[in-house]
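Visitor: Please read through the structure below; I'll follow up with questions.
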Amino acid sequence: MNWDVITTRVDAVKSRGSDLQKRLRGLRHRLTLLLAVVGPGLITSNVDNDAGGISVYTSAGARYGYALLWSLIPMTIALYVTEEMCARMGVITGKGLSDLIREEFGFRPTFFVMVTGFFVDLANVVAEFAGVAASMQIFGVSKYIAVPIAAIVVWVLVLKGTYRQVEVIFLFACVLYLSYLFSAFLAKPDWLDAARHTIIPNLRFESGYLVMLMGLIGTTIAPWQFFYLQASFVEKKVGARQYPQARADVLVGSVSCMVIVFFIIVCTAATLYVSGHRNITDAAQAAQALIPLAGRGAGILFAFGLLNASLFAASILPLSTAHVICEGLGFEAGIDHKFKEAPIFYWLYTILIVVGAGIVLLPHAPLWKILIFSQVGNGFWLPVVVIFILLLVNRRDLMGEYVNTLTFNIVAWVTAIAMIILSLVLAYTALFQGTPTG
Amino acid sequence: MQIYATELMGAEAYDAQGHFVGRVREFFIEPADQPNRISHFLLSRGRFQPLLARYNQVGAVAPGTLRLNCSERELALYTPNEAWLAVRKDLLDQQIIDTQGRKVVRVNDVDLTEQKTNGNVELRLTQVDVGLPGAVRRLLQGVVGPGMIRKLQNPLPQRTIRWEFVNLIEPDPLRRVKLRITHEKLEDLHPADLAEMMEELSAAERQGIIASLDEETAAAVLAELDERLTTQIVEKLDPEKAADILEEMAPDAAADVLADLSKETSEELLEEMPGQEASEVRGLMAFDENTAGGMMNPEFVFVGETATREEVLKWMRSQDLNVDQLDTIVLLDSDAKFSGTVPVARLLLADAEQRMAELKTEPLLGVPGDADESDVFELFDKYNLRMLTVVNSESRPIGTITVDDVVSRLVKK
């Protein structure tokens, strides 16, 4: 063979498609620029709509119809404002939230934040596996088969995949949330009425209504997501120059999360509320009740959405928790280490999955109590985390010119205080009245 | 006797007469004086201005107590000093580089040793604790008694780093000079190890380390670092320093870095670089990143095909070649066109008078600069190549692609 044989061959191919190739390259380049940053915000916000979240949205729609839809707009703002601060810290400092808490506040505060985080997250993991069990039951699969398989899938996926592969799977999972959009359309709601209730606030001073409102907010903004969001931006090596893209990612994430919540509430409002099935307490019940009302398709889509959400959150929560704890306390962490190099990380990760899935499999597991505990835990943990975030993001030695502006600070503190009051009240009612969702 | 920094933080300080003076809140090292001696203790007294005890004013230390050998009136008032290393603020809970273990670790506690000198007790920092015992002490200090803590931590596995292997990371260049922090020890590490450690640090810390390394090491580290981080660092460097570092890099690596920067920044840096290097890099940047031209290194060794083995070796000895990376030589014919390649191993075994043309490998392979990288991968795979020559339209060699270029491209995919 001669080298100019190769050159002619290459040239022939080149000339055929060089123009197209150039254009494709330009497009690919722009797409990589965007994809290089997008992901953390979208994933974090969507994973928020986990099993516990969907149950709350479902019962909100079933019990009060469209009446709670107005709260989605202020919630979007609150979600965006808090997440944006974490994204900014990750992008500017290049460090995770637990790292920063450790460096600026010392060992003991970090230790307590981490230990609380472990137990609260464990309760959340149990809730996710309970979601897997409930949704698979609708498909006729026993939980004794579904939950162990789900646990193994989660364990393997995260340990064997690279960050990029896992992220692509997660982004795909975000797309699957659209199943709620389809089930909402199948439910044939009164769109005009839904739109009216979204824009015009409708505050009722009944205790059940207020508790439901707090439940909505409490499940939408969970404390662990801040750690996960910031760590993802750090892991993606997004720098200060890409901050505008990172912010856009967080904004799109917050809005899309709320759009999904909107469709879930609309779907259940148009069917369960209208037909009088108002005492629905979890998403699986809702899916079951939907089948005679809106057709088998809508019910199956609804259950599928729950399965997707539960699996999605069950993949992220244990990993994120193990990572955050090890980072804060100074142990080796990360799936690029071998088991021997980072034993504590791998043990925490495995315990969270095994115990989380195991509790669901116990014959008389008090799942309802654990769900309440996870919400109460989130409620107590959230204020602490949000206050740490606000203190850190205003430190000029860390953030330089990227500290909060006065306006942003006012919005952020008002949001934080409102969230703190609401989540503490929610925790209180959950503890002393049994159910957080009325 | 050994004592831990945690046991002294919050310790009660008494003067020579046994009067309570205050509580130890911080202690300092004065690196300009002695690199490991605790030189000053900060004693806080509630709402009064804190006092400062010098090392020679300390008579005895024990967990929870500090006894001075002078009266309270002899102590100075505290004023902050940037040239002192504060153990609590600068060391505890911070990340440091363990130059021996080649790892970034977080400090849990600091181990001190007592040294008795005429009438006073000096504390010397011997090692930093990065393991569980330090964590237990930090958690329980003040909650249970010091004796109990020592009993609890003793069976736990130790993880400590000797002070001489500790490299502090200080992003502020002025403070770095005052604290006498150098990164000389880091320059002895393999650039790939250093690059991996830097990924765990904050943006400001990375910047600080690159700025303080010599250009050669900095160039080697930047070439190993994740390209996003490289871009972020080069963008923020002083342009003159950045150009010096780029000059030290292989032209293909420098071109990759510059291609990721904005047009203005990369132009500015190219202006700063010496003419020949800059034009080499510019030539490479003309190629798309995903083509043979974008992968090649324009610096390669070439000889005429009629030369004998002896002549080639003699010429090579006289040149300042980077022999670590050299394993194939490019041959040119009388028209200075590409005519083949000779692996160095063949040269080794050949007779002194053998001509280069007799030693060349078959088949003759070359790719044009605008060939897609997938074509390059295919050729490497098919012919088990270690090196491939890139030629221009007149079939003159313009650069070479080595197997490590291919490996790093494939790993990134």
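Identifiers in the structure tokens: chain A, B, ... in order shown; residue index from 1 per chain; ligand index from 1 in order shown.
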Do a neighbour search on range 342-353 of chain A at 8 Å with only C-alpha atoms, toss out local chain neighbours closer than 2 positions, and write the hits as a count of residues only.

Guide: 21

Visitor: Might you pull out every residue within 7 Å of Val360 in chain A, with only C-alpha atoms counted and same-chain residues fewer than 4 positions away left off, and present them as a list of chain:residue names?

Guide: A:Val126, A:Phe129, A:Ala130, A:Gly356, A:Ala365

Visitor: Deliver the residues from the most recent selection as a file, using C-alpha atoms, as a tab-separated table (two decimals), in the first residue's frame.

Guide:
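Printed below is part_20.tsv as written:
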```
chain	number	residue	atom	x	y	z
A	126	VAL	CA	-36.72	4.00	52.32
A	129	PHE	CA	-37.89	2.04	47.58
A	130	ALA	CA	-41.43	2.08	48.96
A	356	GLY	CA	-33.23	1.35	52.68
A	365	ALA	CA	-42.73	-2.35	57.97
```

Visitor: Would you give me, as a PyMOL selection string, the residues in range 261-405 of chain B that DSSP reads as helix (DSSP H, G or I)?

Guide: chain B and resi 263-272+275-285+292-295+309-318+323-325+344-349+356-359+373-383+403-405

Visitor: In terms of the shortest atom-to-atom distance over only C-alpha atoms, which of A:Leu42, A:Val56, A:Ile420, A:Met258 is closest to Val385 in chain A?

Guide: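 Comparing A:Leu42, A:Val56, A:Ile420, A:Met258 against Val385 in chain A, the winner is A:Ile420.
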
Visitor: Which of these, A:Lys95, A:Gly377, A:Ala78, A:Thr429, has the shortest distance to Ala416 in chain A once you count only C-alpha atoms?

Guide: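 The shortest atom-to-atom distance to Ala416 in chain A comes from A:Ala78.
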
Visitor: For chain B, report every residue with an atom at most 9 Å from chain A (counting only C-alpha atoms), formatted as a VMD selection string.

Guide: chain B and resid 89 92 to 95 105 to 108 130 to 131 135 138 to 140 199 to 204 226 228 to 229 232 362 to 368 370 to 372 375 395

Visitor: So that I have them on file, write out the residues from the current selection with N, CA and C atoms, as a CSV table (one decimal), in the first residue's frame.

Guide:
```csv
chain,number,residue,atom,x,y,z
B,89,LYS,N,-6.9,28.5,62.5
B,89,LYS,CA,-7.5,29.1,61.3
B,89,LYS,C,-6.9,28.6,60.0
B,92,LEU,N,-6.2,23.7,61.0
B,92,LEU,CA,-7.3,22.7,61.3
B,92,LEU,C,-8.4,22.8,60.3
B,93,ASP,N,-8.9,21.7,59.9
B,93,ASP,CA,-10.0,21.6,58.9
B,93,ASP,C,-9.7,22.0,57.5
B,94,GLN,N,-8.4,22.4,57.2
B,94,GLN,CA,-8.1,22.8,55.9
B,94,GLN,C,-7.5,21.7,55.1
B,95,GLN,N,-7.4,21.8,53.8
B,95,GLN,CA,-6.8,20.8,53.0
B,95,GLN,C,-5.3,21.1,52.9
B,105,VAL,N,-5.3,15.9,51.6
B,105,VAL,CA,-6.0,15.4,52.8
B,105,VAL,C,-6.4,16.6,53.7
B,106,ARG,N,-7.4,16.3,54.6
B,106,ARG,CA,-7.9,17.4,55.4
B,106,ARG,C,-7.4,17.1,56.9
B,107,VAL,N,-7.0,18.2,57.5
B,107,VAL,CA,-6.3,18.2,58.8
B,107,VAL,C,-7.4,18.0,59.9
B,108,ASN,N,-7.3,17.0,60.7
B,108,ASN,CA,-8.3,16.9,61.8
B,108,ASN,C,-7.7,17.5,63.1
B,130,VAL,N,-4.7,13.1,60.3
B,130,VAL,CA,-5.7,13.2,59.2
B,130,VAL,C,-6.7,12.0,59.4
B,131,GLY,N,-6.6,11.3,60.5
B,131,GLY,CA,-7.3,10.0,60.7
B,131,GLY,C,-8.4,10.1,61.7
B,135,ALA,N,-10.3,13.0,64.7
B,135,ALA,CA,-11.7,13.3,64.5
B,135,ALA,C,-12.4,13.1,65.9
B,138,ARG,N,-11.6,16.0,68.2
B,138,ARG,CA,-12.3,17.2,67.9
B,138,ARG,C,-13.8,17.1,68.3
B,139,LEU,N,-14.4,15.9,68.2
B,139,LEU,CA,-15.8,15.8,68.4
B,139,LEU,C,-16.1,15.8,69.9
B,140,LEU,N,-15.2,15.2,70.7
B,140,LEU,CA,-15.5,15.0,72.1
B,140,LEU,C,-14.9,16.0,73.1
B,199,GLU,N,-7.0,18.6,41.1
B,199,GLU,CA,-8.5,18.6,40.9
B,199,GLU,C,-9.3,18.6,42.1
B,200,GLU,N,-8.7,18.2,43.3
B,200,GLU,CA,-9.5,18.2,44.5
B,200,GLU,C,-9.5,19.6,45.2
B,201,LEU,N,-8.7,20.5,44.7
B,201,LEU,CA,-8.6,21.8,45.4
B,201,LEU,C,-9.6,22.8,44.9
B,202,SER,N,-9.6,23.9,45.5
B,202,SER,CA,-10.5,25.0,45.0
B,202,SER,C,-9.9,25.7,43.9
B,203,ALA,N,-10.7,26.5,43.2
B,203,ALA,CA,-10.2,27.2,42.0
B,203,ALA,C,-9.0,28.1,42.4
B,204,ALA,N,-9.2,28.9,43.5
B,204,ALA,CA,-8.2,29.8,43.9
B,204,ALA,C,-6.9,29.1,44.3
B,226,ASP,N,-7.2,18.2,33.6
B,226,ASP,CA,-8.5,18.2,32.8
B,226,ASP,C,-8.5,19.5,32.0
B,228,ARG,N,-10.8,21.4,30.9
B,228,ARG,CA,-11.6,22.6,31.4
B,228,ARG,C,-10.9,23.3,32.5
B,229,LEU,N,-10.2,22.6,33.4
B,229,LEU,CA,-9.5,23.3,34.5
B,229,LEU,C,-8.3,24.0,33.9
B,232,GLN,N,-9.5,27.3,32.6
B,232,GLN,CA,-9.8,28.2,33.6
B,232,GLN,C,-8.6,28.8,34.2
B,362,GLU,N,7.8,-1.2,6.4
B,362,GLU,CA,6.7,-1.3,5.4
B,362,GLU,C,5.4,-1.5,6.1
B,363,PRO,N,4.3,-1.1,5.6
B,363,PRO,CA,4.2,-0.2,4.4
B,363,PRO,C,4.5,1.2,4.7
B,364,LEU,N,4.6,2.0,3.7
B,364,LEU,CA,4.8,3.4,3.8
B,364,LEU,C,3.5,4.1,4.1
B,365,LEU,N,3.4,4.7,5.4
B,365,LEU,CA,2.1,5.2,5.8
B,365,LEU,C,2.2,6.7,6.1
B,366,GLY,N,1.2,7.5,5.6
B,366,GLY,CA,1.2,8.9,6.0
B,366,GLY,C,-0.2,9.4,5.8
B,367,VAL,N,-0.6,10.4,6.6
B,367,VAL,CA,-2.0,10.9,6.4
B,367,VAL,C,-1.9,12.4,6.2
B,368,PRO,N,-2.9,13.0,5.5
B,368,PRO,CA,-2.9,14.4,5.3
B,368,PRO,C,-3.4,15.1,6.6
B,370,ASP,N,-5.7,17.1,7.3
B,370,ASP,CA,-7.1,17.3,7.5
B,370,ASP,C,-7.9,16.0,7.6
B,371,ALA,N,-7.2,14.8,7.6
B,371,ALA,CA,-7.8,13.5,7.8
B,371,ALA,C,-8.5,13.5,9.1
B,372,ASP,N,-9.7,12.9,9.2
B,372,ASP,CA,-10.5,12.8,10.4
B,372,ASP,C,-9.8,11.9,11.4
B,375,ASP,N,-10.0,8.1,11.1
B,375,ASP,CA,-9.1,7.5,10.1
B,375,ASP,C,-7.7,7.2,10.8
B,395,SER,N,3.4,16.3,-0.1
B,395,SER,CA,3.9,15.1,0.6
B,395,SER,C,5.2,15.3,1.4
```

Visitor: Give me the residues near Val403 in chain A as a short mmCIF file (atom, residue, chain, number, x, y, z; two decimals) with C-alpha atoms, in the first residue's frame, where near means some atom within 8 Å (using only C-alpha atoms) and where sequence neighbours in that chain fewer than 4 positions away do not count.

Guide:
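The resulting file, part_32.cif, is shown below:
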```
data_model
loop_
_atom_site.label_atom_id
_atom_site.label_comp_id
_atom_site.auth_asym_id
_atom_site.auth_seq_id
_atom_site.Cartn_x
_atom_site.Cartn_y
_atom_site.Cartn_z
CA VAL A 393 -22.48 32.79 49.88
CA ASN A 394 -22.06 36.20 51.46
CA ARG A 395 -18.41 35.66 52.38
CA ARG A 396 -16.36 37.95 50.18
CA MET A 399 -16.97 34.43 46.61
#
```

Visitor: Go through B:Met295, B:Leu174, B:Met356, B:Ile149 one by one, measure the shortest atom-to-atom distance of each to Ser339 in chain B using only C-alpha atoms, and give the residue with the smallest value.

Guide: B:Met356

Visitor: Restricting the calculation to only C-alpha atoms, which member of A:Asn279, A:Asn202, A:Gln245, A:Thr415 is positioned closest to Ala62 in chain A?

Guide: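 For Ala62 in chain A, the nearest of the given residues is A:Asn279.
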
Visitor: As an exercise, work out the distance from CA of Leu186 in chain A to CA of Ser142 in chain A in Å and give it to one decimal place.

Guide: 27.6 Å

Visitor: Quick one: residues within 10 Å of Val234 in chain B, only C-alpha atoms counted, chain neighbours fewer than 3 positions away excluded, as a PDB file with N, CA and C atoms, in the first residue's frame?

Guide:
```pdb
ATOM      1  N   GLN B 207      -5.004  27.961  41.245  1.00  0.00           N
ATOM      2  CA  GLN B 207      -4.376  29.125  40.624  1.00  0.00           C
ATOM      3  C   GLN B 207      -3.076  29.455  41.349  1.00  0.00           C
ATOM      4  N   ILE B 210      -0.205  26.856  40.537  1.00  0.00           N
ATOM      5  CA  ILE B 210       0.368  27.010  39.193  1.00  0.00           C
ATOM      6  C   ILE B 210       1.225  28.269  39.121  1.00  0.00           C
ATOM      7  N   ALA B 211       0.725  29.342  39.736  1.00  0.00           N
ATOM      8  CA  ALA B 211       1.460  30.605  39.670  1.00  0.00           C
ATOM      9  C   ALA B 211       2.818  30.489  40.350  1.00  0.00           C
ATOM     10  N   LEU B 222      -0.115  21.414  33.565  1.00  0.00           N
ATOM     11  CA  LEU B 222      -1.263  21.870  32.774  1.00  0.00           C
ATOM     12  C   LEU B 222      -1.573  20.886  31.648  1.00  0.00           C
ATOM     13  N   LEU B 229     -10.196  22.607  33.392  1.00  0.00           N
ATOM     14  CA  LEU B 229      -9.464  23.291  34.459  1.00  0.00           C
ATOM     15  C   LEU B 229      -8.280  24.048  33.876  1.00  0.00           C
ATOM     16  N   THR B 230      -7.599  23.438  32.890  1.00  0.00           N
ATOM     17  CA  THR B 230      -6.478  24.124  32.263  1.00  0.00           C
ATOM     18  C   THR B 230      -6.936  25.465  31.693  1.00  0.00           C
ATOM     19  N   THR B 231      -8.052  25.436  30.975  1.00  0.00           N
ATOM     20  CA  THR B 231      -8.563  26.675  30.389  1.00  0.00           C
ATOM     21  C   THR B 231      -8.830  27.707  31.475  1.00  0.00           C
ATOM     22  N   LEU B 237      -4.357  33.570  34.563  1.00  0.00           N
ATOM     23  CA  LEU B 237      -2.946  33.869  34.801  1.00  0.00           C
ATOM     24  C   LEU B 237      -2.584  35.217  34.197  1.00  0.00           C
ATOM     25  N   ASP B 238      -1.537  35.792  34.757  1.00  0.00           N
ATOM     26  CA  ASP B 238      -0.956  36.977  34.167  1.00  0.00           C
ATOM     27  C   ASP B 238      -0.461  36.600  32.765  1.00  0.00           C
ATOM     28  N   PRO B 239      -0.826  37.382  31.699  1.00  0.00           N
ATOM     29  CA  PRO B 239      -0.532  36.950  30.317  1.00  0.00           C
ATOM     30  C   PRO B 239       0.934  36.608  30.078  1.00  0.00           C
ATOM     31  N   LYS B 241       3.161  35.448  32.211  1.00  0.00           N
ATOM     32  CA  LYS B 241       3.435  34.139  32.824  1.00  0.00           C
ATOM     33  C   LYS B 241       2.791  33.020  31.983  1.00  0.00           C
ATOM     34  N   ALA B 242       1.555  33.273  31.547  1.00  0.00           N
ATOM     35  CA  ALA B 242       0.861  32.262  30.752  1.00  0.00           C
ATOM     36  C   ALA B 242       1.631  31.959  29.480  1.00  0.00           C
ATOM     37  N   ALA B 243       2.141  33.004  28.830  1.00  0.00           N
ATOM     38  CA  ALA B 243       2.893  32.800  27.586  1.00  0.00           C
ATOM     39  C   ALA B 243       4.172  32.018  27.863  1.00  0.00           C
ATOM     40  N   ILE B 245       4.615  29.811  30.179  1.00  0.00           N
ATOM     41  CA  ILE B 245       4.255  28.414  30.418  1.00  0.00           C
ATOM     42  C   ILE B 245       3.927  27.714  29.100  1.00  0.00           C
ATOM     43  N   LEU B 246       3.160  28.396  28.239  1.00  0.00           N
ATOM     44  CA  LEU B 246       2.776  27.794  26.955  1.00  0.00           C
ATOM     45  C   LEU B 246       4.001  27.482  26.104  1.00  0.00           C
ATOM     46  N   VAL B 257      -4.633  24.070  24.310  1.00  0.00           N
ATOM     47  CA  VAL B 257      -5.023  25.014  25.356  1.00  0.00           C
ATOM     48  C   VAL B 257      -5.553  26.297  24.731  1.00  0.00           C
ATOM     49  N   LEU B 258      -4.797  26.836  23.766  1.00  0.00           N
ATOM     50  CA  LEU B 258      -5.180  28.111  23.157  1.00  0.00           C
ATOM     51  C   LEU B 258      -6.514  28.009  22.418  1.00  0.00           C
ATOM     52  N   LEU B 261      -9.472  28.818  24.527  1.00  0.00           N
ATOM     53  CA  LEU B 261      -9.618  30.173  25.068  1.00  0.00           C
ATOM     54  C   LEU B 261     -10.394  31.036  24.084  1.00  0.00           C
ATOM     55  N   THR B 265      -8.053  36.410  23.976  1.00  0.00           N
ATOM     56  CA  THR B 265      -7.054  35.922  24.926  1.00  0.00           C
ATOM     57  C   THR B 265      -5.974  35.124  24.207  1.00  0.00           C
ATOM     58  N   SER B 266      -6.372  34.235  23.290  1.00  0.00           N
ATOM     59  CA  SER B 266      -5.354  33.394  22.661  1.00  0.00           C
ATOM     60  C   SER B 266      -4.458  34.244  21.762  1.00  0.00           C
ATOM     61  N   LEU B 269      -1.934  35.980  23.998  1.00  0.00           N
ATOM     62  CA  LEU B 269      -0.885  35.088  24.472  1.00  0.00           C
ATOM     63  C   LEU B 269       0.095  34.750  23.350  1.00  0.00           C
TER      64      LEU B 269
END
```

Visitor: With only C-alpha atoms as the counted atoms, please give the residues lying no more than 12 Å from Glu299 in chain B, apart from itself and same-chain residues fewer than 3 positions off, as a JSON list (two decimals) with C-alpha atoms, in the first residue's frame.

Guide:
```
[["chain", "number", "residue", "atom", "x", "y", "z"],
["B", 249, "MET", "CA", 4.59, 23.04, 26.54],
["B", 250, "ALA", "CA", 4.74, 20.79, 23.48],
["B", 251, "PRO", "CA", 3.30, 22.83, 20.57],
["B", 252, "ASP", "CA", 0.35, 20.47, 20.12],
["B", 253, "ALA", "CA", -0.56, 20.72, 23.80],
["B", 276, "GLN", "CA", 9.03, 30.63, 16.12],
["B", 277, "GLU", "CA", 7.01, 28.90, 18.83],
["B", 280, "GLU", "CA", 4.32, 26.64, 15.07],
["B", 281, "VAL", "CA", 1.35, 26.84, 17.37],
["B", 284, "LEU", "CA", -1.39, 23.73, 14.42],
["B", 296, "MET", "CA", 0.11, 15.96, 15.65],
["B", 302, "PHE", "CA", 13.97, 13.53, 10.49],
["B", 321, "LEU", "CA", 16.87, 15.85, 21.57],
["B", 322, "ASN", "CA", 14.13, 14.80, 23.94],
["B", 325, "GLN", "CA", 9.81, 10.41, 23.80],
["B", 326, "LEU", "CA", 11.78, 9.35, 20.71],
["B", 329, "ILE", "CA", 12.75, 8.60, 12.98],
["B", 330, "VAL", "CA", 11.22, 10.11, 9.82],
["B", 389, "THR", "CA", 3.56, 10.74, 9.95],
["B", 390, "VAL", "CA", 1.36, 13.65, 8.86],
["B", 397, "PRO", "CA", 6.16, 15.63, 6.55],
["B", 398, "ILE", "CA", 4.70, 18.33, 8.82],
["B", 399, "GLY", "CA", 4.34, 16.45, 12.08],
["B", 400, "THR", "CA", 3.91, 13.10, 13.79],
["B", 401, "ILE", "CA", 1.17, 11.50, 15.86],
["B", 402, "THR", "CA", 2.35, 9.11, 18.56]]
```

Visitor: Could you tell me which of A:Leu178, A:Val166, A:Ile370, A:Ile217 comes closest to Phe263 in chain A if we count only C-alpha atoms?

Guide: A:Leu178

Visitor: With only C-alpha atoms as the counted atoms, please give the residues lying no more than 10 Å from Gly134 in chain B, apart from itself and same-chain residues fewer than 5 positions off, as JSON, numbers by chain.

Guide: {"B": [4, 5, 6, 107, 108, 109, 110, 111, 128, 129, 139, 153, 156, 158, 159, 160]}
